[in-house]
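Okay, coords_5.txt now, which holds compact mmCIF, C-alpha atoms:
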# COMPACT_ATOMS: atom_id res chain seq x y z
CA MET A 1 29.94 152.98 138.63
CA GLU A 2 31.31 154.72 135.57
CA VAL A 3 33.47 153.14 132.87
CA ALA A 4 35.49 155.42 130.61
CA ILE A 5 36.43 153.79 127.32
CA LEU A 6 39.16 155.85 125.68
CA LEU A 7 38.70 156.47 121.97
CA PHE A 8 41.44 157.81 119.73
CA ASP A 9 42.12 158.15 116.04
CA ARG A 10 42.73 154.67 114.54
CA PHE A 11 41.56 152.55 117.46
CA THR A 12 40.52 148.97 116.67
CA ALA A 13 36.74 148.71 116.76
CA LEU A 14 36.29 145.34 118.48
CA ASP A 15 38.86 146.20 121.18
CA ALA A 16 36.44 148.85 122.42
CA VAL A 17 33.08 147.33 121.49
CA GLY A 18 33.59 143.79 122.84
CA PRO A 19 34.12 144.96 126.46
CA TYR A 20 31.50 147.70 125.99
CA GLN A 21 28.84 145.12 125.15
CA VAL A 22 29.55 143.22 128.37
CA LEU A 23 30.19 146.08 130.78
CA ALA A 24 27.21 148.17 129.64
CA SER A 25 25.02 145.22 130.65
CA VAL A 26 26.21 145.16 134.26
CA PRO A 27 23.53 146.62 136.56
CA GLY A 28 24.58 149.98 137.97
CA VAL A 29 27.33 150.52 135.42
CA THR A 30 27.30 153.38 132.92
CA VAL A 31 29.75 153.59 130.08
CA ALA A 32 31.17 156.77 128.59
CA PHE A 33 33.24 156.97 125.43
CA VAL A 34 35.89 159.59 126.12
CA ALA A 35 38.27 161.34 123.76
CA THR A 36 40.43 164.42 123.77
CA THR A 37 37.63 166.09 121.83
CA PRO A 38 34.08 164.67 121.85
CA GLY A 39 32.45 163.74 118.55
CA LEU A 40 33.16 161.17 115.89
CA VAL A 41 36.37 159.19 116.28
CA GLN A 42 37.64 157.23 113.29
CA ALA A 43 38.69 153.63 113.82
CA ASP A 44 41.64 152.02 112.04
CA ARG A 45 39.62 151.34 108.90
CA ALA A 46 37.13 153.63 107.18
CA PRO A 47 34.19 153.98 107.42
CA PHE A 48 34.01 152.90 111.06
CA ALA A 49 33.45 155.95 113.26
CA LEU A 50 32.12 155.85 116.80
CA SER A 51 30.88 158.82 118.75
CA ALA A 52 32.78 159.94 121.87
CA ASN A 53 30.28 161.53 124.23
CA ARG A 54 32.66 163.02 126.80
CA ALA A 55 35.90 164.99 126.71
CA LEU A 56 38.83 163.72 128.78
CA ALA A 57 38.76 166.98 130.73
CA GLU A 58 35.11 166.36 131.69
CA LEU A 59 35.60 162.88 133.09
CA THR A 60 38.70 162.80 135.24
CA ASP A 61 37.65 160.27 137.87
CA PRO A 62 36.09 157.20 136.24
CA ASP A 63 35.76 154.08 138.37
CA ILE A 64 37.03 151.96 135.50
CA VAL A 65 39.40 153.05 132.75
CA LEU A 66 39.56 150.98 129.57
CA VAL A 67 42.16 151.58 126.85
CA PRO A 68 41.62 149.72 123.57
CA GLY A 69 44.44 149.12 121.13
CA GLY A 70 44.85 149.81 117.46
CA PRO A 71 47.39 151.43 115.13
CA GLY A 72 46.69 154.85 116.68
CA GLN A 73 48.31 153.59 119.88
CA VAL A 74 51.70 154.56 118.45
CA ALA A 75 50.83 158.26 118.36
CA LEU A 76 49.04 158.01 121.70
CA MET A 77 52.21 156.84 123.46
CA THR A 78 53.69 160.31 123.09
CA ASP A 79 50.45 162.26 123.55
CA GLU A 80 51.01 164.02 126.87
CA ILE A 81 47.38 165.11 127.21
CA VAL A 82 46.22 161.51 127.06
CA LEU A 83 49.08 160.11 129.16
CA SER A 84 48.55 162.71 131.86
CA TRP A 85 44.79 161.98 131.89
CA LEU A 86 45.57 158.26 132.19
CA ARG A 87 47.92 158.80 135.14
CA ASP A 88 45.32 160.88 136.98
CA ALA A 89 42.45 158.55 136.13
CA HIS A 90 44.50 155.55 137.22
CA ALA A 91 45.37 157.21 140.54
CA GLY A 92 41.67 157.33 141.45
CA SER A 93 40.32 154.29 139.61
CA THR A 94 38.99 151.06 141.04
CA TRP A 95 40.15 149.21 137.93
CA THR A 96 42.48 150.26 135.13
CA THR A 97 42.19 148.02 132.08
CA SER A 98 43.32 147.60 128.50
CA VAL A 99 42.76 145.45 125.46
CA CYS A 100 45.40 144.50 122.87
CA THR A 101 48.05 147.19 122.35
CA GLY A 102 46.14 149.47 124.72
CA SER A 103 48.49 148.05 127.36
CA LEU A 104 51.42 149.73 125.59
CA VAL A 105 49.68 153.06 126.19
CA LEU A 106 49.20 152.17 129.85
CA GLY A 107 52.88 151.29 129.89
CA ALA A 108 53.85 154.63 128.34
CA ALA A 109 51.84 156.34 131.09
CA GLY A 110 53.90 154.46 133.70
CA VAL A 111 50.94 152.44 134.93
CA LEU A 112 52.50 149.02 134.28
CA LYS A 113 55.77 149.45 136.21
CA ASP A 114 56.59 146.01 137.68
CA LYS A 115 53.07 144.82 136.86
CA ARG A 116 52.27 141.49 135.26
CA ALA A 117 50.53 142.38 132.00
CA THR A 118 49.67 141.14 128.53
CA THR A 119 49.03 142.56 125.06
CA HIS A 120 48.57 141.41 121.45
CA TRP A 121 50.94 138.48 120.91
CA LEU A 122 52.85 140.41 118.25
CA ALA A 123 53.51 143.27 120.70
CA MET A 124 54.67 141.18 123.66
CA ASP A 125 58.32 142.19 123.23
CA GLN A 126 57.44 145.87 123.58
CA LEU A 127 55.82 145.43 126.99
CA ALA A 128 59.04 144.65 128.87
CA GLY A 129 60.61 147.84 127.55
CA LEU A 130 57.83 149.77 129.29
CA GLY A 131 58.63 148.31 132.70
CA ALA A 132 55.94 145.63 132.70
CA LEU A 133 56.36 141.91 133.36
CA PRO A 134 54.94 140.36 130.17
CA VAL A 135 52.72 137.30 130.63
CA ALA A 136 51.42 135.27 127.69
CA GLU A 137 47.93 134.81 129.12
CA ARG A 138 44.59 135.92 127.72
CA VAL A 139 43.53 138.04 130.70
CA VAL A 140 45.97 139.17 133.38
CA PHE A 141 44.99 140.67 136.74
CA ASP A 142 47.67 142.39 138.83
CA GLY A 143 46.07 144.32 141.65
CA LYS A 144 43.66 146.75 140.06
CA VAL A 145 45.34 146.57 136.66
CA VAL A 146 43.72 144.19 134.18
CA THR A 147 45.13 143.67 130.70
CA ALA A 148 43.80 141.54 127.87
CA ALA A 149 45.50 139.93 124.87
CA GLY A 150 44.64 140.90 121.27
CA VAL A 151 41.33 142.38 120.07
CA SER A 152 38.74 139.68 120.88
CA ALA A 153 40.27 139.01 124.33
CA GLY A 154 38.49 142.13 125.58
CA ILE A 155 35.24 140.14 125.74
CA ASP A 156 36.80 137.56 128.07
CA MET A 157 38.44 140.32 130.12
CA ALA A 158 35.14 142.15 130.56
CA LEU A 159 33.37 138.98 131.68
CA ALA A 160 36.15 138.27 134.20
CA LEU A 161 35.89 141.86 135.43
CA THR A 162 32.11 141.49 135.71
CA VAL A 163 32.67 138.64 138.17
CA GLU A 164 34.65 141.10 140.33
CA LEU A 165 32.09 143.88 139.94
CA ALA A 166 28.86 141.98 140.32
CA GLY A 167 29.51 138.29 140.97
CA PRO A 168 29.37 135.12 138.92
CA ASP A 169 25.59 135.03 138.46
CA VAL A 170 25.56 138.41 136.72
CA ALA A 171 28.56 137.43 134.59
CA GLN A 172 26.88 134.19 133.53
CA THR A 173 23.62 136.01 132.81
CA ILE A 174 25.42 138.44 130.52
CA GLN A 175 27.37 135.61 128.87
CA LEU A 176 24.14 133.77 128.11
CA GLY A 177 22.43 137.01 127.06
CA ILE A 178 25.09 137.62 124.39
CA GLU A 179 25.11 133.87 123.67
CA TYR A 180 28.87 133.73 124.10
CA ASP A 181 29.40 130.06 123.42
CA PRO A 182 32.25 130.55 120.98
CA ALA A 183 32.74 128.14 118.11
CA PRO A 184 35.46 129.49 115.84
CA PRO A 185 35.90 127.47 112.65
CA PHE A 186 39.58 126.84 113.42
CA ASP A 187 41.72 126.42 116.52
CA SER A 188 44.10 129.06 115.25
CA GLY A 189 43.53 132.00 117.57
CA SER A 190 46.90 131.93 119.31
CA PRO A 191 50.45 131.60 117.97
CA ALA A 192 50.84 128.36 119.92
CA LYS A 193 47.94 126.76 118.04
CA ALA A 194 47.85 128.33 114.57
CA PRO A 195 49.61 126.67 111.63
CA PRO A 196 53.27 127.81 111.59
CA HIS A 197 53.01 129.40 108.13
CA ILE A 198 50.14 131.62 109.35
CA VAL A 199 52.12 132.67 112.43
CA GLU A 200 55.17 133.41 110.29
CA TYR A 201 53.13 135.41 107.80
CA LEU A 202 51.75 137.67 110.54
CA ARG A 203 55.15 138.00 112.20
CA SER A 204 56.63 139.13 108.90
CA ARG A 205 53.93 141.79 108.69
CA SER A 206 53.78 142.65 112.38
CA ARG A 207 54.47 146.31 111.87
CA PHE A 208 51.61 146.48 109.38
CA VAL A 209 49.27 144.51 111.64
CA LEU A 210 50.01 146.56 114.75
CA GLU A 211 50.61 149.99 113.28
CA GLY A 212 48.51 149.91 110.14
CA ASP A 213 49.24 150.95 106.62
CA ARG A 214 48.71 154.68 106.88
CA THR A 215 51.48 157.16 107.43
CA ARG A 216 51.98 157.64 111.11
CA PRO A 217 50.02 160.73 112.14
CA SER A 218 52.24 163.64 113.12
CA SER A 219 49.96 164.90 115.87
CA MET B 220 33.28 142.89 97.08
CA GLU B 221 31.02 145.19 99.11
CA VAL B 222 29.40 144.32 102.42
CA ALA B 223 26.42 146.40 103.55
CA ILE B 224 25.88 146.26 107.32
CA LEU B 225 22.40 147.58 108.07
CA LEU B 226 22.21 149.99 110.99
CA PHE B 227 18.94 151.01 112.61
CA ASP B 228 17.81 152.74 115.78
CA ARG B 229 18.47 150.45 118.78
CA PHE B 230 20.68 147.85 117.08
CA THR B 231 22.95 145.80 119.34
CA ALA B 232 26.53 147.04 119.00
CA LEU B 233 28.44 143.75 119.01
CA ASP B 234 26.02 142.16 116.49
CA ALA B 235 27.32 144.64 113.92
CA VAL B 236 30.89 145.19 115.10
CA GLY B 237 31.94 141.56 115.61
CA PRO B 238 31.39 140.59 111.96
CA TYR B 239 32.64 144.02 110.83
CA GLN B 240 36.01 143.40 112.49
CA VAL B 241 36.42 140.11 110.62
CA LEU B 242 34.95 141.00 107.21
CA ALA B 243 36.73 144.36 106.95
CA SER B 244 40.01 142.41 107.21
CA VAL B 245 39.32 140.21 104.17
CA PRO B 246 41.44 141.34 101.21
CA GLY B 247 39.30 142.94 98.51
CA VAL B 248 36.31 143.49 100.78
CA THR B 249 34.96 146.91 101.64
CA VAL B 250 32.33 147.44 104.30
CA ALA B 251 29.63 150.10 104.27
CA PHE B 252 27.35 150.92 107.16
CA VAL B 253 23.96 151.62 105.61
CA ALA B 254 20.85 153.18 107.12
CA THR B 255 17.68 154.78 105.88
CA THR B 256 19.38 158.11 106.53
CA PRO B 257 23.19 158.37 106.81
CA GLY B 258 24.70 159.81 109.97
CA LEU B 259 24.79 158.72 113.59
CA VAL B 260 22.68 155.71 114.49
CA GLN B 261 21.96 155.04 118.17
CA ALA B 262 22.49 151.54 119.49
CA ASP B 263 20.25 149.93 122.10
CA ARG B 264 22.04 151.67 124.97
CA ALA B 265 23.23 155.25 125.15
CA PRO B 266 25.79 156.58 124.48
CA PHE B 267 26.78 154.11 121.78
CA ALA B 268 26.32 155.72 118.36
CA LEU B 269 27.92 154.50 115.16
CA SER B 270 28.09 156.44 111.93
CA ALA B 271 26.23 155.11 108.87
CA ASN B 272 28.14 156.26 105.79
CA ARG B 273 25.65 155.28 103.09
CA ALA B 274 21.90 155.62 102.57
CA LEU B 275 19.93 152.51 101.64
CA ALA B 276 18.91 154.21 98.41
CA GLU B 277 22.59 154.71 97.48
CA LEU B 278 23.65 151.11 97.91
CA THR B 279 21.07 148.82 96.39
CA ASP B 280 23.29 146.01 95.15
CA PRO B 281 25.76 144.95 97.85
CA ASP B 282 27.50 141.61 97.39
CA ILE B 283 26.89 140.77 101.03
CA VAL B 284 24.00 141.97 103.18
CA LEU B 285 24.36 141.75 106.96
CA VAL B 286 21.47 142.47 109.33
CA PRO B 287 22.36 142.75 113.03
CA GLY B 288 19.76 142.30 115.74
CA GLY B 289 18.73 144.37 118.70
CA PRO B 290 15.54 145.77 120.25
CA GLY B 291 14.99 148.02 117.22
CA GLN B 292 14.36 144.91 115.16
CA VAL B 293 10.72 145.00 116.31
CA ALA B 294 10.06 148.32 114.58
CA LEU B 295 12.12 147.26 111.57
CA MET B 296 9.87 144.27 110.90
CA THR B 297 7.10 146.61 109.76
CA ASP B 298 9.35 149.21 108.12
CA GLU B 299 8.48 148.84 104.44
CA ILE B 300 11.40 150.98 103.26
CA VAL B 301 13.88 148.64 104.94
CA LEU B 302 12.02 145.43 104.04
CA SER B 303 11.76 146.45 100.41
CA TRP B 304 15.48 147.33 100.34
CA LEU B 305 16.27 143.94 101.89
CA ARG B 306 14.20 142.07 99.28
CA ASP B 307 15.95 143.89 96.43
CA ALA B 308 19.41 143.56 97.98
CA HIS B 309 18.83 139.85 98.61
CA ALA B 310 17.72 139.29 95.02
CA GLY B 311 21.14 140.42 93.78
CA SER B 312 23.38 139.40 96.67
CA THR B 313 26.00 136.69 96.78
CA TRP B 314 25.37 136.22 100.51
CA THR B 315 22.53 137.44 102.71
CA THR B 316 23.36 137.21 106.40
CA SER B 317 22.13 138.10 109.86
CA VAL B 318 23.19 138.03 113.49
CA CYS B 319 20.90 137.45 116.46
CA THR B 320 17.34 138.78 115.94
CA GLY B 321 18.43 140.23 112.61
CA SER B 322 17.12 136.95 111.19
CA LEU B 323 13.60 137.96 112.25
CA VAL B 324 13.95 141.00 110.00
CA LEU B 325 15.12 138.77 107.14
CA GLY B 326 12.08 136.61 107.91
CA ALA B 327 9.74 139.61 107.81
CA ALA B 328 11.19 140.47 104.39
CA GLY B 329 10.31 136.97 103.18
CA VAL B 330 13.93 135.94 102.74
CA LEU B 331 13.79 132.92 105.06
CA LYS B 332 10.82 131.08 103.53
CA ASP B 333 11.59 127.35 103.91
CA LYS B 334 15.19 128.16 104.82
CA ARG B 335 17.07 126.59 107.69
CA ALA B 336 17.96 129.48 109.97
CA THR B 337 18.88 130.46 113.50
CA THR B 338 18.57 133.46 115.82
CA HIS B 339 19.07 134.41 119.48
CA TRP B 340 18.00 131.41 121.57
CA LEU B 341 15.21 133.43 123.20
CA ALA B 342 13.73 134.30 119.79
CA MET B 343 13.81 130.81 118.28
CA ASP B 344 10.03 130.38 118.55
CA GLN B 345 9.42 133.45 116.44
CA LEU B 346 11.43 132.15 113.48
CA ALA B 347 8.98 129.40 112.53
CA GLY B 348 6.16 131.94 112.36
CA LEU B 349 8.11 133.74 109.65
CA GLY B 350 8.30 130.67 107.42
CA ALA B 351 11.81 129.60 108.41
CA LEU B 352 12.95 126.19 109.58
CA PRO B 353 14.55 127.00 112.96
CA VAL B 354 17.82 125.25 113.75
CA ALA B 355 19.51 125.53 117.15
CA GLU B 356 23.03 125.87 115.74
CA ARG B 357 25.50 128.70 116.12
CA VAL B 358 25.94 129.42 112.41
CA VAL B 359 23.54 128.11 109.77
CA PHE B 360 24.19 128.11 106.02
CA ASP B 361 21.27 127.45 103.66
CA GLY B 362 22.26 128.29 100.11
CA LYS B 363 23.34 131.91 100.14
CA VAL B 364 21.52 132.69 103.38
CA VAL B 365 23.70 132.59 106.49
CA THR B 366 22.26 133.24 109.95
CA ALA B 367 24.02 133.39 113.31
CA ALA B 368 22.80 132.85 116.86
CA GLY B 369 22.83 135.64 119.48
CA VAL B 370 25.15 138.68 119.50
CA SER B 371 28.66 137.18 119.79
CA ALA B 372 27.89 134.45 117.22
CA GLY B 373 28.41 137.02 114.49
CA ILE B 374 32.17 136.65 114.94
CA ASP B 375 32.00 132.91 114.24
CA MET B 376 29.63 133.50 111.34
CA ALA B 377 31.96 136.04 109.77
CA LEU B 378 34.95 133.71 110.06
CA ALA B 379 32.94 130.87 108.47
CA LEU B 380 31.89 133.25 105.69
CA THR B 381 35.53 134.31 105.23
CA VAL B 382 36.38 130.68 104.43
CA GLU B 383 33.82 130.84 101.60
CA LEU B 384 35.03 134.25 100.39
CA ALA B 385 38.77 133.83 100.61
CA GLY B 386 39.68 130.34 101.82
CA PRO B 387 40.87 128.84 105.09
CA ASP B 388 44.31 130.48 105.15
CA VAL B 389 42.83 133.97 105.09
CA ALA B 390 40.25 133.02 107.74
CA GLN B 391 42.95 131.62 110.01
CA THR B 392 45.15 134.66 109.46
CA ILE B 393 42.31 136.94 110.52
CA GLN B 394 41.46 134.71 113.48
CA LEU B 395 45.08 134.88 114.68
CA GLY B 396 45.24 138.60 113.93
CA ILE B 397 42.31 139.27 116.27
CA GLU B 398 43.70 136.63 118.65
CA TYR B 399 40.36 134.85 118.71
CA ASP B 400 41.25 132.03 121.06
CA PRO B 401 38.19 132.44 123.27
CA ALA B 402 38.40 131.67 126.97
CA PRO B 403 35.14 132.73 128.61
CA PRO B 404 35.23 132.45 132.41
CA PHE B 405 32.19 130.13 132.40
CA ASP B 406 30.73 127.52 130.10
CA SER B 407 27.38 129.27 130.22
CA GLY B 408 26.98 130.74 126.76
CA SER B 409 24.10 128.56 125.60
CA PRO B 410 20.85 127.52 127.30
CA ALA B 411 21.97 123.89 127.13
CA LYS B 412 25.05 124.64 129.22
CA ALA B 413 24.17 127.54 131.54
CA PRO B 414 22.92 126.90 135.09
CA PRO B 415 19.12 126.37 134.97
CA HIS B 416 18.38 129.35 137.23
CA ILE B 417 20.24 131.67 134.84
CA VAL B 418 18.34 130.28 131.84
CA GLU B 419 15.02 130.67 133.69
CA TYR B 420 15.85 134.22 134.74
CA LEU B 421 16.51 135.29 131.15
CA ARG B 422 13.45 133.42 129.87
CA SER B 423 11.31 135.28 132.41
CA ARG B 424 12.70 138.56 131.07
CA SER B 425 12.88 137.56 127.42
CA ARG B 426 10.75 140.45 126.23
CA PHE B 427 13.06 142.86 128.04
CA VAL B 428 16.19 141.16 126.73
CA LEU B 429 15.02 141.04 123.12
CA GLU B 430 12.98 144.21 122.86
CA GLY B 431 14.63 146.43 125.45
CA ASP B 432 13.20 148.61 128.12
CA ARG B 433 12.27 151.67 126.11
CA THR B 434 8.83 152.31 124.73
CA ARG B 435 8.58 150.84 121.30
CA PRO B 436 9.32 153.61 118.80
CA SER B 437 6.29 154.68 116.80
CA SER B 438 8.23 155.36 113.62

What does the file become when written as structure tokens?
Amino acid sequence: MEVAILLFDRFTALDAVGPYQVLASVPGVTVAFVATTPGLVQADRAPFALSANRALAELTDPDIVLVPGGPGQVALMTDEIVLSWLRDAHAGSTWTTSVCTGSLVLGAAGVLKDKRATTHWLAMDQLAGLGALPVAERVVFDGKVVTAAGVSAGIDMALALTVELAGPDVAQTIQLGIEYDPAPPFDSGSPAKAPPHIVEYLRSRSRFVLEGDRTRPSS
Amino acid sequence: MEVAILLFDRFTALDAVGPYQVLASVPGVTVAFVATTPGLVQADRAPFALSANRALAELTDPDIVLVPGGPGQVALMTDEIVLSWLRDAHAGSTWTTSVCTGSLVLGAAGVLKDKRATTHWLAMDQLAGLGALPVAERVVFDGKVVTAAGVSAGIDMALALTVELAGPDVAQTIQLGIEYDPAPPFDSGSPAKAPPHIVEYLRSRSRFVLEGDRTRPSS
């Protein structure tokens, strides 16, 4: 079973690497990092650069598609090469998945039409405009489409997907192997729980948080 | 403030990338990925390869040192170039930190002598042999030395460190920004909580889990 994790200029590192760490541990699963052009792909902050080992054109029928989010998602939503690849890959996939604002890219490709889906909490309003039915949950399954909330939610999504792929024993083995017994120092990881002034601060900077501080790439 | 994340052949991806995602978001912090030789560094499973942008010799006085774990840690524990760099970097650091079996490398460098420290639960026995005082906690502070438990614990460690670096408001802002409101599908992320047959299975394969399935590199 082959997983294709889409990389693109200005992706968010943990969106891709959290699910990678889980899915690459599932017996029988291989993971490819795919990009329009193979080679180093820059994340949303220098100096993070991850190597894409396959070109989109080389891997057109992955079993699982995974689209991370990140500021580069804005440019991706009008990138016909990527959107067309996503449509084709989705047509043949067993699972089509996203993390964070990766779901907006799935939406732009038409994959989320009338699907229950989630995204980063700051981007929730944008989902409905793409034909999806936004759901404020951490991991949302609708048929073969699985979307995760912001950044770190990809780890939970990948573990839930592992249950589907290989059963609960394998998922629990991987969870214990990566010692995923989370203990964040605060209970502030969702807008419903964080102190109001923190939520307001991020809302006031939502464009910066979601789209980054660099000039939007023209290509 | 400069963070040096040490990369080495066969590191575990999430050990490095979890804390990276948090620390790179702290205002005033820059992160460098350092390795003996800059360029692509292979993680413990192909095709994951992350780019190291600085050589150890170029960055000898980071404010924060972070050592991830992974099967390559075994070779690193006798790599005098790395151990000597770690000793020097630790001498001048504000914080010296590790994730997972990265603490065994800190131990091999002599940094953990009589320090309370933690590591991946399967490696806990090895810590005492390196002069440390093993503690089965997720994140352990002892003076300026901060160690985290296995793989995913680096995220919690980095958030706790962010409190020290920049205060609780910044830490909570980052936690909400990465929507770190964890919801694993099982409560099986520690040996105290996982089903006994899962714990036993991983214990029986502990050498494989910690050191990987490839022949130990000779260099």

Contact check, chain B to chain A, at most 6 Å, counting only C-alpha atoms, closest pairs as a Markdown table:
| residue | atom | partner | partner_atom | distance |
| --- | --- | --- | --- | --- |
| B:Ala268 | CA | A:Ser51 | CA | 5.5 |
| B:Leu269 | CA | A:Leu50 | CA | 4.7 |
| B:Ser270 | CA | A:Ala49 | CA | 5.5 |
| B:Gly369 | CA | A:Glu179 | CA | 5.1 |
| B:Val370 | CA | A:Ile178 | CA | 5.0 |
| B:Ser371 | CA | A:Tyr180 | CA | 5.5 |
| B:Asp375 | CA | A:Pro184 | CA | 5.1 |
| B:Gln391 | CA | A:Ser188 | CA | 5.9 |
| B:Thr392 | CA | A:Ile198 | CA | 5.8 |
| B:Gln394 | CA | A:Gly189 | CA | 5.3 |
| B:Leu395 | CA | A:Gly189 | CA | 4.4 |
| B:Ile397 | CA | A:Val151 | CA | 5.0 |
| B:Glu398 | CA | A:Gly189 | CA | 4.8 |
| B:Tyr399 | CA | A:Gly189 | CA | 4.4 |
| B:Asp400 | CA | A:Gly189 | CA | 4.2 |
| B:Pro403 | CA | A:Asp156 | CA | 5.1 |
| B:Ser407 | CA | A:Leu176 | CA | 5.9 |
| B:Gly408 | CA | A:Asp181 | CA | 4.2 |
| B:Ser409 | CA | A:Glu179 | CA | 5.7 |
| B:Ile417 | CA | A:Thr173 | CA | 5.9 |

Store the residues of this selection in a file with C-alpha atoms, as a PDB file, in the coordinates of the input.
ATOM      1  CA  ALA B 268      26.320 155.720 118.360  1.00  0.00           C
ATOM      2  CA  LEU B 269      27.920 154.500 115.160  1.00  0.00           C
ATOM      3  CA  SER B 270      28.090 156.440 111.930  1.00  0.00           C
ATOM      4  CA  GLY B 369      22.830 135.640 119.480  1.00  0.00           C
ATOM      5  CA  VAL B 370      25.150 138.680 119.500  1.00  0.00           C
ATOM      6  CA  SER B 371      28.660 137.180 119.790  1.00  0.00           C
ATOM      7  CA  ASP B 375      32.000 132.910 114.240  1.00  0.00           C
ATOM      8  CA  GLN B 391      42.950 131.620 110.010  1.00  0.00           C
ATOM      9  CA  THR B 392      45.150 134.660 109.460  1.00  0.00           C
ATOM     10  CA  GLN B 394      41.460 134.710 113.480  1.00  0.00           C
ATOM     11  CA  LEU B 395      45.080 134.880 114.680  1.00  0.00           C
ATOM     12  CA  ILE B 397      42.310 139.270 116.270  1.00  0.00           C
ATOM     13  CA  GLU B 398      43.700 136.630 118.650  1.00  0.00           C
ATOM     14  CA  TYR B 399      40.360 134.850 118.710  1.00  0.00           C
ATOM     15  CA  ASP B 400      41.250 132.030 121.060  1.00  0.00           C
ATOM     16  CA  PRO B 403      35.140 132.730 128.610  1.00  0.00           C
ATOM     17  CA  SER B 407      27.380 129.270 130.220  1.00  0.00           C
ATOM     18  CA  GLY B 408      26.980 130.740 126.760  1.00  0.00           C
ATOM     19  CA  SER B 409      24.100 128.560 125.600  1.00  0.00           C
ATOM     20  CA  ILE B 417      20.240 131.670 134.840  1.00  0.00           C
TER      21      ILE B 417
END

Next on the checklist: What does the structure give for the distance between atom CA of A:Phe11 and atom CA of A:Leu23, in Å to one decimal?
Outcome noted: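 Taking atom CA of A:Phe11 and atom CA of A:Leu23, their separation equals 18.7 Å.
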
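Computed from the coordinates, the atom CA of B:Thr338 to atom CA of B:Gly289 distance equals 11.3 Å.
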
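With atom CA of A:Leu83 on one side and atom CA of A:Phe208 on the other, the separation reads 24.2 Å.
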
Item to check | Close residues, B:Met343 itself excluded, 10 Å, all atoms listed in the file, min 4 positions apart in chain, as a list of chain:residue names | outcome: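 Answer for this query is B:Cys319, B:Thr320, B:Ser322, B:Leu323, B:Ala336, B:Thr337, B:Thr338, B:His339, B:Ala347, B:Gly348, B:Leu352, B:Pro353, B:Val354, B:Ala355, B:Ala368.
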
Next on the checklist: Restricting the calculation to all atoms listed in the file: of B:Leu349, B:Ile283, B:Ala254, B:Ala274, which residue gets closest to B:Leu384?
Outcome noted: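 Selected residue with least distance to B:Leu384: B:Ile283.
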
Next on the checklist: Distance cut-off 12 Å, centre (23.9, 127.1, 100.5) in file coordinates, counting all atoms listed in the file: which residues qualify? Return them as a PyMOL selection string.
Outcome noted: chain B and resi 313-316+334-336+359-366+380+383

Item to check | Polymer residues at most 9 Å from (25.7, 141.5, 103.9) by all atoms listed in the file, as a list in words | outcome: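 Here is the list of nearby residues: Glu221, Val222, Ala223, Ile224, Leu225, Val250, Pro281, Asp282, Ile283, Val284, Leu285, Val286, Ala308, His309, Ser312, Thr313, Trp314, Thr315, Thr316 and Ser317 of chain B.
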
Next on the checklist: So that I can check the surroundings of A:Gly72, please list as JSON, numbers by chain every protein, DNA and RNA residue that reaches within 9 Å of it, counting all atoms listed in the file and ignoring chain neighbours fewer than 6 positions away.
Outcome noted: {"A": [8, 9, 10, 11, 12, 43, 44, 211, 212, 216, 217]}
